[in-house]
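*Asks:* Contents of data.cif (mmCIF, C-alpha atoms) are given next:
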data_model
loop_
_atom_site.label_atom_id
_atom_site.label_comp_id
_atom_site.auth_asym_id
_atom_site.auth_seq_id
_atom_site.Cartn_x
_atom_site.Cartn_y
_atom_site.Cartn_z
CA MET A 1 6.38 -11.27 17.77
CA CYS A 2 3.78 -8.79 16.60
CA VAL A 3 0.23 -8.78 17.90
CA TRP A 4 -0.95 -10.55 14.73
CA CYS A 5 1.46 -13.41 15.42
CA GLU A 6 0.26 -13.56 19.03
CA ARG A 7 -3.33 -13.88 17.87
CA HIS A 8 -3.07 -15.83 14.65
CA ALA A 9 0.26 -17.68 14.34
CA ASP A 10 -1.12 -20.68 16.24
CA GLY A 11 2.24 -22.39 16.65
CA TYR A 12 3.75 -21.24 13.34
CA GLU A 13 6.80 -18.97 13.36
CA ARG A 14 4.78 -16.07 11.94
CA TRP A 15 1.06 -15.49 11.43
CA TYR A 16 1.56 -15.39 7.68
CA PHE A 17 3.12 -18.87 7.66
CA ASN A 18 -0.06 -20.34 9.15
CA PRO A 19 -1.97 -21.88 6.21
CA ALA A 20 -5.27 -21.37 8.05
CA ASN A 21 -4.97 -17.64 7.39
CA TYR A 22 -5.23 -18.19 3.64
CA ALA A 23 -8.33 -20.37 3.70
CA ARG A 24 -11.69 -18.75 3.95
CA LYS A 25 -15.20 -19.40 2.86
CA LEU A 26 -15.66 -18.38 -0.75
CA TYR A 27 -17.32 -15.28 -2.16
CA LYS A 28 -20.57 -14.57 -0.47
CA ILE A 29 -23.55 -12.33 -1.07
CA ARG A 30 -23.11 -9.34 1.20
CA LYS A 31 -25.93 -7.44 2.82
CA GLU A 32 -26.15 -3.69 2.35
CA GLU A 33 -25.12 -2.66 5.83
CA ALA A 34 -22.40 -0.96 7.80
CA GLU A 35 -18.87 -2.27 7.50
CA ALA A 36 -18.49 -5.58 9.31
CA ALA A 37 -15.30 -6.89 10.84
CA GLY A 38 -13.28 -10.07 10.63
CA ALA A 39 -14.31 -12.75 8.14
CA GLU A 40 -17.54 -10.90 7.37
CA ALA A 41 -15.75 -7.76 6.15
CA ASN A 42 -16.21 -6.50 2.63
CA PRO A 43 -12.80 -6.85 0.98
CA GLN A 44 -13.55 -4.27 -1.66
CA ALA A 45 -14.42 -1.43 0.67
CA ALA A 46 -11.92 1.29 1.50
CA GLY A 47 -11.78 0.17 5.11
CA GLY A 48 -10.12 2.62 7.47
CA MET A 49 -8.89 4.95 4.72
CA ALA A 50 -12.40 6.18 4.03
CA LEU A 51 -12.51 7.63 7.54
CA LEU A 52 -9.53 9.94 6.91
CA SER A 53 -11.34 12.95 5.49
CA ARG A 54 -10.52 16.64 5.23
CA ALA A 55 -11.38 16.95 8.93
CA PHE A 56 -8.41 14.75 9.79
CA VAL A 57 -5.99 16.76 7.66
CA GLU A 58 -7.28 20.02 9.16
CA ALA A 59 -6.80 18.61 12.67
CA LEU A 60 -3.21 17.71 11.73
CA ASP A 61 -2.70 21.18 10.32
CA ARG A 62 -3.74 22.93 13.55
CA ASN A 63 -2.11 20.22 15.67
CA ASP A 64 -5.31 19.40 17.54
CA ARG A 65 -3.88 16.40 19.39
CA GLU A 66 -7.19 15.26 20.85
CA ALA A 67 -8.99 15.24 17.50
CA ILE A 68 -6.01 13.69 15.72
CA ASP A 69 -5.69 10.86 18.23
CA LYS A 70 -9.41 10.13 18.17
CA MET A 71 -9.69 10.01 14.38
CA LYS A 72 -6.45 8.08 14.05
CA ARG A 73 -7.65 5.51 16.54
CA GLU A 74 -10.99 5.06 14.74
CA ALA A 75 -9.32 4.62 11.36
CA GLU A 76 -6.73 2.19 12.77
CA GLU A 77 -9.25 0.06 14.61
CA LEU A 78 -11.44 -0.26 11.55
CA SER A 79 -8.51 -1.11 9.32
CA TRP A 80 -7.04 -3.66 11.76
CA ALA A 81 -10.36 -5.52 11.76
CA THR A 82 -10.98 -5.31 8.00
CA HIS A 83 -8.05 -4.33 5.78
CA PHE A 84 -4.47 -3.57 6.82
CA GLY A 85 -1.00 -4.55 5.71
CA GLN A 86 2.40 -5.70 6.95
CA VAL A 87 5.75 -5.43 5.21
CA ILE A 88 7.52 -8.72 4.43
CA THR A 89 10.88 -9.59 2.90
CA LEU A 90 11.26 -11.25 -0.49
CA GLU A 91 12.45 -14.39 1.33
CA ASP A 92 9.21 -14.55 3.34
CA THR A 93 7.19 -13.84 0.19
CA LEU A 94 8.71 -16.82 -1.61
CA LYS A 95 7.91 -19.06 1.39
CA ILE A 96 4.31 -17.85 1.43
CA ILE A 97 3.90 -18.59 -2.29
CA GLY A 98 4.91 -22.13 -1.40
CA ILE A 99 2.07 -22.61 1.11
CA MET A 100 -1.04 -20.98 -0.36
CA TYR A 101 -3.09 -21.39 -3.54
CA PRO A 102 -4.31 -20.08 -5.91
CA ILE A 103 -2.41 -16.92 -6.73
CA ALA A 104 -3.27 -14.41 -9.42
CA ILE A 105 -1.88 -11.15 -10.72
CA MET A 106 -4.19 -8.18 -11.13
CA THR A 107 -4.26 -4.40 -11.59
CA CYS A 108 -3.34 -2.09 -8.74
CA ALA A 109 -6.10 0.20 -7.50
CA CYS A 110 -3.64 2.59 -5.85
CA ARG A 111 -1.69 3.23 -9.02
CA ARG A 112 -4.84 3.52 -11.08
CA SER A 113 -5.92 6.19 -8.64
CA MET A 114 -2.70 8.18 -8.30
CA LEU A 115 -1.31 7.84 -11.84
CA GLY A 116 -4.27 6.71 -13.92
CA LEU A 117 -2.09 3.84 -15.14
CA PRO A 118 -3.65 1.95 -18.07
CA ASP A 119 -4.47 -1.66 -17.20
CA GLU A 120 -1.76 -3.17 -19.40
CA GLU A 121 0.96 -1.33 -17.42
CA ASN A 122 -0.67 -1.86 -14.06
CA PHE A 123 -0.44 -5.56 -13.18
CA THR A 124 1.46 -5.18 -9.92
CA CYS A 125 -0.99 -6.54 -7.36
CA MET A 126 -1.44 -10.17 -6.45
CA GLY A 127 -4.39 -11.94 -4.91
CA MET A 128 -4.13 -15.13 -2.88
CA GLY A 129 -6.34 -17.91 -1.68
CA PRO A 130 -9.80 -19.32 -2.45
CA GLY A 131 -11.35 -15.84 -2.55
CA MET A 132 -9.73 -15.46 -5.98
CA TYR A 133 -12.17 -17.95 -7.45
CA LYS A 134 -14.75 -15.20 -7.36
CA TRP A 135 -12.81 -13.47 -10.13
CA GLU A 136 -12.28 -16.64 -12.06
CA ARG A 137 -16.07 -16.97 -12.10
CA TRP A 138 -16.83 -13.25 -12.72
CA PRO A 139 -13.66 -11.82 -14.35
CA GLU A 140 -15.52 -8.76 -15.59
CA THR A 141 -15.92 -7.53 -12.01
CA TYR A 142 -12.26 -6.75 -11.48
CA ARG A 143 -10.95 -3.95 -13.68
CA GLY A 144 -8.36 -5.47 -16.03
CA GLY A 145 -9.30 -8.99 -15.05
CA VAL A 146 -7.08 -11.43 -13.17
CA GLN A 147 -4.41 -13.81 -14.47
CA PHE A 148 -3.75 -16.96 -12.48
CA LEU A 149 -0.11 -17.93 -11.96
CA THR A 150 1.66 -21.16 -11.14
CA PRO A 151 3.74 -20.99 -7.94
CA GLU A 152 6.91 -20.82 -10.04
CA GLU A 153 5.56 -17.96 -12.13
CA ALA A 154 4.47 -16.12 -8.98
CA LYS A 155 7.93 -16.45 -7.48
CA GLU A 156 9.46 -15.05 -10.68
CA VAL A 157 7.04 -12.13 -10.65
CA VAL A 158 7.73 -11.05 -7.07
CA THR A 159 11.47 -11.46 -7.57
CA LYS A 160 11.24 -9.13 -10.58
CA MET A 161 9.11 -6.65 -8.62
CA ASN A 162 11.66 -6.65 -5.80
CA LYS A 163 14.44 -6.05 -8.32
CA ARG A 164 12.45 -3.13 -9.74
CA GLY A 165 12.37 -1.58 -6.29
CA LEU A 166 8.84 -2.42 -5.12
CA VAL A 167 8.20 -3.47 -1.52
CA GLN A 168 6.36 -6.74 -0.84
CA THR A 169 3.45 -6.32 1.58
CA LEU A 170 0.70 -8.61 2.82
CA PHE A 171 -2.86 -7.41 3.20
CA THR A 172 -5.81 -8.76 5.10
CA PHE A 173 -9.28 -8.77 3.63
CA GLY A 174 -11.24 -9.43 6.76
CA THR A 175 -8.51 -9.99 9.38
CA PRO A 176 -6.91 -12.53 9.73
CA TYR A 177 -7.63 -13.69 6.16
CA LEU A 178 -4.55 -12.82 4.07
CA ALA A 179 -5.58 -12.30 0.46
CA GLY A 180 -3.44 -9.47 -0.85
CA LEU A 181 0.22 -9.56 -1.79
CA CYS A 182 1.14 -6.11 -3.03
CA ASN A 183 4.23 -4.58 -4.59
CA CYS A 184 4.30 -1.13 -3.08
CA ASP A 185 6.10 2.17 -3.40
CA TYR A 186 5.74 5.68 -2.02
CA PRO A 187 3.81 7.90 -2.63
CA ASP A 188 1.33 6.02 -4.81
CA CYS A 189 0.71 3.12 -2.45
CA SER A 190 -1.99 4.33 -0.09
CA ALA A 191 -0.75 2.12 2.75
CA ILE A 192 2.82 3.43 2.77
CA ARG A 193 1.46 6.95 2.25
CA THR A 194 -1.04 6.80 5.12
CA ARG A 195 1.66 5.44 7.42
CA LEU A 196 4.42 7.88 6.48
CA ASP A 197 2.36 11.04 5.86
CA TYR A 198 -0.27 10.67 8.59
CA ASP A 199 1.34 8.19 11.00
CA VAL A 200 -1.79 6.05 10.77
CA LYS A 201 -0.85 2.42 11.28
CA MET A 202 -2.56 0.81 8.32
CA LEU A 203 0.78 -0.66 7.33
CA TRP A 204 2.81 -2.47 9.98
CA LYS A 205 6.57 -2.80 9.96
CA GLY A 206 8.07 -6.20 9.19
CA HIS A 207 9.67 -8.64 11.60
CA GLN A 208 13.22 -7.61 10.72
CA VAL A 209 15.32 -4.48 10.40
CA ALA A 210 18.21 -3.79 8.06
CA GLN A 211 21.72 -3.23 9.38
CA VAL A 212 24.79 -1.98 7.52
CA ASP A 213 28.11 -3.68 8.18
CA THR A 214 30.39 -0.65 7.97
CA GLU A 215 33.45 -2.86 7.35
CA LEU A 216 31.89 -4.19 4.16
CA CYS A 217 30.15 -1.02 3.00
CA ASN A 218 32.35 0.77 0.44
CA GLY A 219 30.20 3.86 -0.06
CA CYS A 220 29.01 2.96 -3.58
CA ALA A 221 25.58 4.39 -2.62
CA GLN A 222 23.76 1.93 -4.86
CA CYS A 223 21.27 1.21 -2.06
CA ILE A 224 20.20 4.81 -1.56
CA HIS A 225 17.33 4.81 -4.05
CA ARG A 226 15.88 1.57 -2.66
CA CYS A 227 14.23 2.77 0.54
CA GLN A 228 10.55 3.66 0.25
CA PHE A 229 10.32 4.46 3.97
CA LYS A 230 12.82 7.32 4.42
CA ALA A 231 15.00 5.14 6.66
CA LEU A 232 18.10 5.00 4.49
CA SER A 233 20.44 7.93 3.94
CA PHE A 234 24.10 8.44 3.21
CA SER A 235 26.70 9.62 5.67
CA ALA A 236 28.95 11.92 3.67
CA THR A 237 31.38 12.04 6.60
CA GLN A 238 31.89 8.29 6.70
CA ASN A 239 31.11 7.65 3.01
CA LYS A 240 28.75 4.89 4.10
CA ALA A 241 25.06 4.09 4.03
CA TYR A 242 23.14 4.97 7.21
CA ILE A 243 19.94 3.16 8.23
CA ASP A 244 17.71 4.59 10.95
CA PRO A 245 16.71 1.42 12.87
CA PHE A 246 13.58 3.08 14.33
CA GLN A 247 12.35 4.11 10.90
CA CYS A 248 13.29 0.91 9.04
CA PHE A 249 10.32 -1.23 7.99
CA GLY A 250 12.40 -4.33 7.32
CA CYS A 251 11.44 -4.77 3.66
CA GLY A 252 14.98 -5.81 2.71
CA LEU A 253 15.12 -3.89 -0.57
CA CYS A 254 18.41 -2.26 0.38
CA ALA A 255 19.87 -5.64 1.36
CA THR A 256 18.91 -7.28 -1.92
CA GLU A 257 20.58 -4.45 -3.86
CA CYS A 258 23.94 -4.13 -2.07
CA PRO A 259 26.73 -5.43 -4.36
CA GLN A 260 29.00 -5.97 -1.34
CA ASP A 261 26.32 -7.84 0.64
CA SER A 262 27.03 -5.42 3.45
CA ILE A 263 23.38 -5.09 4.57
CA THR A 264 21.82 -7.90 6.59
CA MET A 265 18.34 -8.38 8.01
CA VAL A 266 18.23 -8.76 11.80
CA GLU A 267 15.24 -10.00 13.83
CA ARG A 268 13.35 -7.04 15.30
CA ALA A 269 12.64 -9.12 18.41
CA SER A 270 16.37 -9.49 19.12
CA LEU A 271 16.78 -5.73 19.63
CA PRO A 272 15.23 -4.74 22.97
CA ALA A 273 14.39 -1.17 21.93
CA LEU A 274 12.78 -2.27 18.66
CA ALA A 275 10.93 -5.39 19.81
CA ASN A 276 7.65 -3.48 20.15
CA VAL A 277 8.21 -0.85 17.49
CA TRP A 278 5.72 -1.71 14.74
CA MET N 1 -1.38 26.35 4.32
CA LEU N 2 -4.21 24.06 3.24
CA PRO N 3 -5.65 24.63 -0.23
CA THR N 4 -9.09 23.92 -1.59
CA ILE N 5 -8.83 21.87 -4.77
CA THR N 6 -12.00 21.50 -6.81
CA VAL N 7 -12.44 19.59 -10.01
CA ASP N 8 -15.51 20.20 -12.17
CA ASP N 9 -16.75 16.72 -12.79
CA LYS N 10 -18.85 17.83 -15.77
CA LYS N 11 -15.78 19.17 -17.57
CA CYS N 12 -13.50 16.29 -16.58
CA ASN N 13 -15.42 13.36 -17.97
CA ASP N 14 -12.79 10.67 -18.71
CA PRO N 15 -9.77 11.22 -16.48
CA LEU N 16 -8.49 7.67 -17.07
CA SER N 17 -7.86 8.56 -20.70
CA CYS N 18 -6.44 12.06 -20.12
CA ARG N 19 -4.25 11.69 -16.97
CA LYS N 20 -2.45 14.98 -17.63
CA CYS N 21 -2.94 16.48 -14.17
CA LEU N 22 -2.02 13.22 -12.43
CA LEU N 23 1.28 13.01 -14.28
CA ILE N 24 2.31 16.67 -14.06
CA CYS N 25 1.85 17.19 -10.32
CA PRO N 26 5.34 17.09 -8.75
CA ALA N 27 3.97 15.91 -5.40
CA HIS N 28 1.41 13.34 -6.63
CA VAL N 29 -1.34 15.35 -4.94
CA LEU N 30 -4.15 14.43 -7.31
CA GLY N 31 -5.75 11.04 -7.56
CA LEU N 32 -8.77 9.30 -9.02
CA GLY N 33 -11.72 8.26 -6.95
CA THR N 34 -15.10 7.03 -8.05
CA LYS N 35 -18.53 8.56 -7.71
CA VAL N 36 -19.89 5.20 -6.65
CA GLY N 37 -18.69 2.75 -4.02
CA PRO N 38 -17.73 -0.88 -4.69
CA ARG N 39 -20.54 -2.75 -6.38
CA LYS N 40 -21.44 -6.40 -6.19
CA PHE N 41 -20.46 -8.32 -9.32
CA GLN N 42 -19.85 -5.15 -11.34
CA GLU N 43 -16.78 -3.37 -12.62
CA ILE N 44 -17.12 0.38 -12.11
CA ASP N 45 -17.69 2.24 -15.40
CA ARG N 46 -14.87 4.56 -16.57
CA SER N 47 -17.23 7.52 -16.63
CA GLN N 48 -17.62 7.23 -12.84
CA PHE N 49 -13.98 8.14 -12.14
CA ILE N 50 -13.29 11.64 -10.80
CA VAL N 51 -10.14 13.59 -9.96
CA SER N 52 -9.68 14.98 -6.47
CA GLY N 53 -6.92 16.39 -4.28
CA VAL N 54 -6.17 13.16 -2.46
CA ARG N 55 -3.04 14.60 -0.81
CA PHE N 56 -4.11 18.24 -0.76
CA GLU N 57 -1.93 18.89 2.31
CA ARG N 58 1.08 18.42 0.00
CA CYS N 59 -0.10 20.93 -2.59
CA THR N 60 2.41 23.76 -2.99
CA GLY N 61 0.18 25.89 -5.21
CA CYS N 62 2.39 25.54 -8.29
CA MET N 63 -0.77 25.47 -10.47
CA GLU N 64 0.75 23.08 -13.00
CA CYS N 65 -2.45 21.00 -12.92
CA VAL N 66 -4.66 24.05 -13.42
CA ASN N 67 -2.60 25.12 -16.44
CA ILE N 68 -2.33 21.73 -18.10
CA CYS N 69 -5.98 20.67 -17.89
CA PRO N 70 -7.36 20.80 -21.42
CA LYS N 71 -10.87 21.39 -20.05
CA SER N 72 -9.85 23.94 -17.38
CA ALA N 73 -11.64 21.75 -14.90
CA ILE N 74 -9.32 22.29 -11.93
CA GLN N 75 -9.35 25.16 -9.44
CA VAL N 76 -6.79 25.57 -6.66
CA SER N 77 -7.14 28.31 -4.05
CA PHE N 78 -5.37 29.02 -0.76
#
Please express the file's structure as structure tokens.
*Replies:*
Amino acid sequence: MCVWCERHADGYERWYFNPANYARKLYKIRKEEAEAAGAEANPQAAGGMALLSRAFVEALDRNDREAIDKMKREAEELSWATHFGQVITLEDTLKIIGIMYPIAIMTCACRRSMLGLPDEENFTCMGMGPGMYKWERWPETYRGGVQFLTPEEAKEVVTKMNKRGLVQTLFTFGTPYLAGLCNCDYPDCSAIRTRLDYDVKMLWKGHQVAQVDTELCNGCAQCIHRCQFKALSFSATQNKAYIDPFQCFGCGLCATECPQDSITMVERASLPALANVW
Amino acid sequence: MLPTITVDDKKCNDPLSCRKCLLICPAHVLGLGTKVGPRKFQEIDRSQFIVSGVRFERCTGCMECVNICPKSAIQVSF
């Protein structure tokens, strides 16, 4: 159980299965003031990422542990209160689509930033919950607009995204309000990038890890391109896929690809060494 | 080695339309930001987008972006 489940699951198996975390008071007029936390947070602000400036990169470069730890901690604490993500499997995503409403597809700010993708090619982000009504009312305020989906359409979309090789992630907009369902990849997704490149925990690992059954794995290597987290490699000696359990984020993209069904998702909590590795 | 990447905002005035530097960089170092923060009830105007070295720590100094920019707006120095 991750800390978010401890605080916000309230009897449900996971915090993101608790319907209360998708309901929130609607759009509100915000005051011009410093970033607030929790339900008062501004969902459109950069959150913790804005704190990672050149100073942070320079501290990393000269390995100034004290400065690195301090800046990392500040960025993490801000993001955990306002805007952070957690990896989920496709299976969990489909369950979530069944319990919240409405859901809409919209353009991805990360890919607009890193690739300048034109709007028509960039509908890979999804927004959830009553907060979306703000963009039904003022569609011109979200670049590219938003398109509302039925639950069935939303399930088809995420299944296609997963097939394409994009990782499903959940994002808070004012923790614990879950409003973002993203389809991520490295290096354009700022959450995966901040986690992998800087080790700043704006993206949390999922509740499972992937495991290869070496009896079933035939070395086809079809899974190799699926991992966005640098956890999956190929053992040339054994001619089998190798998954680093400490690096694995539990997205399940390798498992959904394997033609032999040799990769299964195991509960992180069932592995003593991994139970608190997030 | 950490580079300094500067983009002349006056020369690069519509990066969303051009995109050349974003697509040529092998390490996805460059990215678009905006000159203004999020605004209430307003989409940010295209002219407010600017290119910067988002992942400058990954810049190898290949200079592909410098060479491809049609406005010579990018400078990379180590």
*Asks:* Pick the closest to Gly53 (chain N) from A:Met114, A:Ala210, A:Cys254, A:Ala9: which is it, counting only C-alpha atoms?
*Replies:*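 The shortest atom-to-atom distance to Gly53 (chain N) comes from A:Met114.
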*Asks:* What are the residues of chain A lining chain N at 6 Å or less? Count all atoms listed in the file, and put the answer as a list in words.
*Replies:* Ser113, Met114, Leu115, Gly116, Thr141, Tyr142 and Arg143 of chain A
*Asks:* For the structure shown, which residues end up in the PyMOL selection byres ((chain N and resi 75) around 9)? Put them as an MDAnalysis selection string, please?
*Replies:* chainID N and resid 4:8 63 65:66 72:74 76:77
*Asks:* So, with only C-alpha atoms as the atoms that count, which of A:Leu90, A:Ile96, A:Ala275, A:Val200 lies closest to Leu253 (chain A)?
*Replies:* A:Leu90
*Asks:* So that I can see what lies close to Gly98 (chain A), please list as a ChimeraX atom specification the residues with an atom at most 9 Å from it, counting all atoms listed in the file and leaving out residues fewer than 2 positions away in the same chain.
*Replies:* /A:93-96,100-101,151-152,155
*Asks:* CA of Thr82 (chain A) to CA of Ala179 (chain A): how many Å, to one decimal?
*Replies:* 11.6 Å
*Asks:* I want to know what sits within 10 Å of Thr150 (chain A), based on all atoms listed in the file, with residues of the same chain fewer than 4 positions away left out; could you give that as a ChimeraX atom specification?
*Replies:* /A:97,101-104,154-156
*Asks:* Find the distance between CA of Leu166 (chain A) and CA of Thr256 (chain A) and write it in Å to one decimal.
*Replies:*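 Atom-to-atom, CA of Leu166 (chain A) and CA of Thr256 (chain A) are spaced 11.6 Å apart.
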*Asks:* Provide the CA of Gln228 (chain A) to CA of Asp61 (chain A) distance in Å, to one decimal place.
*Replies:*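 These atoms are spaced 24.2 Å apart.
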*Asks:* Can you list, as a ChimeraX atom specification, the residues that the PyMOL selection byres ((chain A and resi 123) around 7) selects here?
*Replies:* /A:105-108,119-122,124-125
*Asks:* Let's have the selection written as a PDB file, keeping the file's coordinate frame, with C-alpha atoms.
*Replies:*
ATOM      1  CA  ILE A 105      -1.880 -11.150 -10.720  1.00  0.00           C
ATOM      2  CA  MET A 106      -4.190  -8.180 -11.130  1.00  0.00           C
ATOM      3  CA  THR A 107      -4.260  -4.400 -11.590  1.00  0.00           C
ATOM      4  CA  CYS A 108      -3.340  -2.090  -8.740  1.00  0.00           C
ATOM      5  CA  ASP A 119      -4.470  -1.660 -17.200  1.00  0.00           C
ATOM      6  CA  GLU A 120      -1.760  -3.170 -19.400  1.00  0.00           C
ATOM      7  CA  GLU A 121       0.960  -1.330 -17.420  1.00  0.00           C
ATOM      8  CA  ASN A 122      -0.670  -1.860 -14.060  1.00  0.00           C
ATOM      9  CA  THR A 124       1.460  -5.180  -9.920  1.00  0.00           C
ATOM     10  CA  CYS A 125      -0.990  -6.540  -7.360  1.00  0.00           C
TER      11      CYS A 125
END
